[in-house]
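What follows is a set of notes on a single structure, which appears directly below.
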Amino acid sequence: DASAASPLEKFSALAGIIFAVGSQKLLLNVRADMSQRSRAPAALAGALAGFGSSYVVVVLASGPAPPPFLFDAVPTGGAVARTAGAALWVHLSVSFAINSQALCSHLGRAFPGLSKDDGSEGVPRGAWLALTAAVSASAYVVANAVP
């Protein structure tokens, strides 16, 4: 019964739906920027299999009664904590790269001065480096400005 669910459970379900919809939008943006779009289905299958497998491993490793927050399952100190921290860093880096790629691609098309002079699609490497550095710096400032 949905009315018996706690507010946290309802929010969790809504967040899952928003995450799935947002991921779908990002995958379409990444596919649009691929140089060989015909390889998109294979690349998508590989990405989903890789990330999906890692999530299944986390679920199985958390045991029959996992704590409410994933970090509560990680022991403090030692190799397990360092491995968990490294895995989280990789996950966040990849997630940020995918999200910022879609934003930077749009910004590159929105500002004519960033497009290539030869009429081909895309942004020159120097402009792309400056654009991604600016997006990364702004994300850092915003993330640290909010207490």
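The way I read the labels, and the way they are meant: chains A, B, ... in the order of the structure tokens, residue 1 as the first residue of every chain, and ligand 1 as the first ligand shown, with later ones counted on from there.
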
### Task
Give the alpha helix (DSSP H) residues of segment 23-117 of chain A, as assigned by DSSP on the backbone, as number ranges by chain.
A: 23-33, 40-61, 78-110

### Counting only C-alpha atoms, the residue of A:His91, A:Gly108, A:Phe69, A:Ile98 that sits nearest Gly50 of chain A
A:His91

#### Entry: Distance query Thr132 of chain A at most 12 Å, only C-alpha atoms, self and fewer than 5 positions along chain excluded, as JSON, numbers by chain
{"A": [96, 97, 98, 99, 100, 101, 102, 103, 104, 105, 106, 107, 108, 123, 125, 126, 127, 137, 138, 139]}

Go ahead and write the residues just picked, all heavy atoms, as a compact mmCIF listing (two decimals), in the first residue's frame.
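result13.txt, written as the output of this step:
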```
# COMPACT_ATOMS: atom_id res chain seq x y z
N PHE A 96 30.40 13.08 -12.97
CA PHE A 96 30.60 14.49 -13.28
C PHE A 96 31.03 14.67 -14.73
O PHE A 96 30.55 15.57 -15.42
CB PHE A 96 31.63 15.13 -12.35
CG PHE A 96 31.84 16.58 -12.65
CD1 PHE A 96 30.92 17.51 -12.20
CD2 PHE A 96 32.93 17.00 -13.39
CE1 PHE A 96 31.09 18.86 -12.50
CE2 PHE A 96 33.10 18.34 -13.68
CZ PHE A 96 32.18 19.27 -13.24
N ALA A 97 31.92 13.80 -15.21
CA ALA A 97 32.38 13.93 -16.60
C ALA A 97 31.23 13.77 -17.58
O ALA A 97 31.11 14.52 -18.55
CB ALA A 97 33.47 12.89 -16.88
N ILE A 98 30.34 12.81 -17.32
CA ILE A 98 29.20 12.59 -18.21
C ILE A 98 28.26 13.79 -18.15
O ILE A 98 27.81 14.29 -19.18
CB ILE A 98 28.47 11.29 -17.85
CG1 ILE A 98 29.34 10.10 -18.20
CG2 ILE A 98 27.12 11.20 -18.56
CD1 ILE A 98 28.82 8.77 -17.69
N ASN A 99 27.95 14.26 -16.94
CA ASN A 99 27.04 15.40 -16.81
C ASN A 99 27.64 16.67 -17.42
O ASN A 99 26.95 17.40 -18.12
CB ASN A 99 26.70 15.64 -15.34
CG ASN A 99 25.68 14.67 -14.83
OD1 ASN A 99 24.55 14.68 -15.27
ND2 ASN A 99 26.09 13.81 -13.91
N SER A 100 28.91 16.94 -17.15
CA SER A 100 29.50 18.17 -17.67
C SER A 100 29.70 18.09 -19.17
O SER A 100 29.65 19.11 -19.86
CB SER A 100 30.82 18.47 -16.97
OG SER A 100 31.82 17.54 -17.32
N GLN A 101 29.88 16.89 -19.71
CA GLN A 101 30.06 16.74 -21.16
C GLN A 101 28.82 17.22 -21.90
O GLN A 101 28.91 17.93 -22.89
CB GLN A 101 30.37 15.28 -21.50
CG GLN A 101 30.87 15.06 -22.91
CD GLN A 101 29.78 14.84 -23.92
OE1 GLN A 101 28.63 14.56 -23.59
NE2 GLN A 101 30.12 14.98 -25.17
N ALA A 102 27.65 16.84 -21.40
CA ALA A 102 26.41 17.27 -22.04
C ALA A 102 26.25 18.78 -21.94
O ALA A 102 25.88 19.45 -22.91
CB ALA A 102 25.23 16.55 -21.40
N LEU A 103 26.55 19.35 -20.78
CA LEU A 103 26.45 20.80 -20.59
C LEU A 103 27.45 21.54 -21.48
O LEU A 103 27.09 22.51 -22.17
CB LEU A 103 26.67 21.15 -19.12
CG LEU A 103 26.73 22.64 -18.78
CD1 LEU A 103 25.41 23.33 -19.12
CD2 LEU A 103 27.10 22.84 -17.33
N CYS A 104 28.69 21.08 -21.48
CA CYS A 104 29.72 21.75 -22.28
C CYS A 104 29.44 21.64 -23.77
O CYS A 104 29.68 22.58 -24.54
CB CYS A 104 31.10 21.18 -21.96
SG CYS A 104 31.66 21.59 -20.31
N SER A 105 28.91 20.52 -24.20
CA SER A 105 28.56 20.35 -25.60
C SER A 105 27.49 21.35 -26.01
O SER A 105 27.56 21.98 -27.08
CB SER A 105 28.07 18.91 -25.83
OG SER A 105 27.67 18.74 -27.16
N HIS A 106 26.49 21.52 -25.15
CA HIS A 106 25.44 22.50 -25.44
C HIS A 106 26.00 23.92 -25.46
O HIS A 106 25.69 24.71 -26.36
CB HIS A 106 24.31 22.39 -24.41
CG HIS A 106 23.28 23.47 -24.57
ND1 HIS A 106 22.37 23.47 -25.60
CD2 HIS A 106 23.06 24.60 -23.87
CE1 HIS A 106 21.61 24.55 -25.51
NE2 HIS A 106 22.01 25.25 -24.47
N LEU A 107 26.83 24.25 -24.47
CA LEU A 107 27.42 25.59 -24.43
C LEU A 107 28.30 25.84 -25.66
O LEU A 107 28.32 26.95 -26.19
CB LEU A 107 28.24 25.76 -23.15
CG LEU A 107 27.44 25.83 -21.85
CD1 LEU A 107 28.37 25.84 -20.65
CD2 LEU A 107 26.53 27.05 -21.84
N GLY A 108 29.01 24.81 -26.10
CA GLY A 108 29.84 24.95 -27.29
C GLY A 108 29.04 25.26 -28.53
O GLY A 108 29.48 26.02 -29.40
N VAL A 123 33.82 21.46 -30.98
CA VAL A 123 34.52 22.60 -30.41
C VAL A 123 36.01 22.30 -30.48
O VAL A 123 36.44 21.19 -30.18
CB VAL A 123 34.07 22.81 -28.94
CG1 VAL A 123 34.83 23.95 -28.29
CG2 VAL A 123 32.58 23.05 -28.86
N ARG A 125 39.86 21.87 -29.50
CA ARG A 125 40.36 21.32 -28.23
C ARG A 125 40.69 22.39 -27.20
O ARG A 125 40.40 22.23 -26.02
CB ARG A 125 41.58 20.43 -28.48
CG ARG A 125 41.20 19.14 -29.12
CD ARG A 125 42.38 18.24 -29.26
NE ARG A 125 41.93 17.00 -29.89
CZ ARG A 125 42.66 15.94 -30.01
NH1 ARG A 125 43.90 15.94 -29.59
NH2 ARG A 125 42.17 14.86 -30.59
N GLY A 126 41.31 23.46 -27.60
CA GLY A 126 41.65 24.52 -26.66
C GLY A 126 40.41 25.16 -26.04
O GLY A 126 40.35 25.40 -24.83
N ALA A 127 39.42 25.41 -26.88
CA ALA A 127 38.16 25.99 -26.38
C ALA A 127 37.44 24.98 -25.49
O ALA A 127 36.85 25.35 -24.47
CB ALA A 127 37.27 26.41 -27.55
N ALA A 137 35.35 24.51 -12.49
CA ALA A 137 35.60 25.51 -11.46
C ALA A 137 34.30 26.05 -10.87
O ALA A 137 34.19 26.22 -9.66
CB ALA A 137 36.44 26.65 -12.03
N SER A 138 33.32 26.29 -11.73
CA SER A 138 32.04 26.80 -11.22
C SER A 138 31.34 25.74 -10.36
O SER A 138 30.73 26.06 -9.34
CB SER A 138 31.14 27.27 -12.36
OG SER A 138 30.77 26.19 -13.18
N ALA A 139 31.44 24.47 -10.75
CA ALA A 139 30.86 23.40 -9.94
C ALA A 139 31.54 23.32 -8.57
O ALA A 139 30.89 23.14 -7.55
CB ALA A 139 30.98 22.06 -10.66
```

#### Entry: Which residue of A:Phe71, A:Ser136, A:Trp89, A:Ser95 approaches Phe19 of chain A most closely, using only C-alpha atoms
A:Ser95

### Query
So how many Å separate atom CA of Leu48 of chain A and atom CA of Gln36 of chain A, to one decimal?
18.6 Å

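Using only C-alpha atoms, the shortest contact distance between Leu88 of chain A and any of A:Phe11, A:Tyr140, A:Tyr55, A:Trp128 is found at A:Tyr55.
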
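Candidate residues A:Lys10, A:Ala134, A:Val141, A:Leu28 were compared for distance to Ala40 of chain A, and the nearest is A:Leu28, using only C-alpha atoms.
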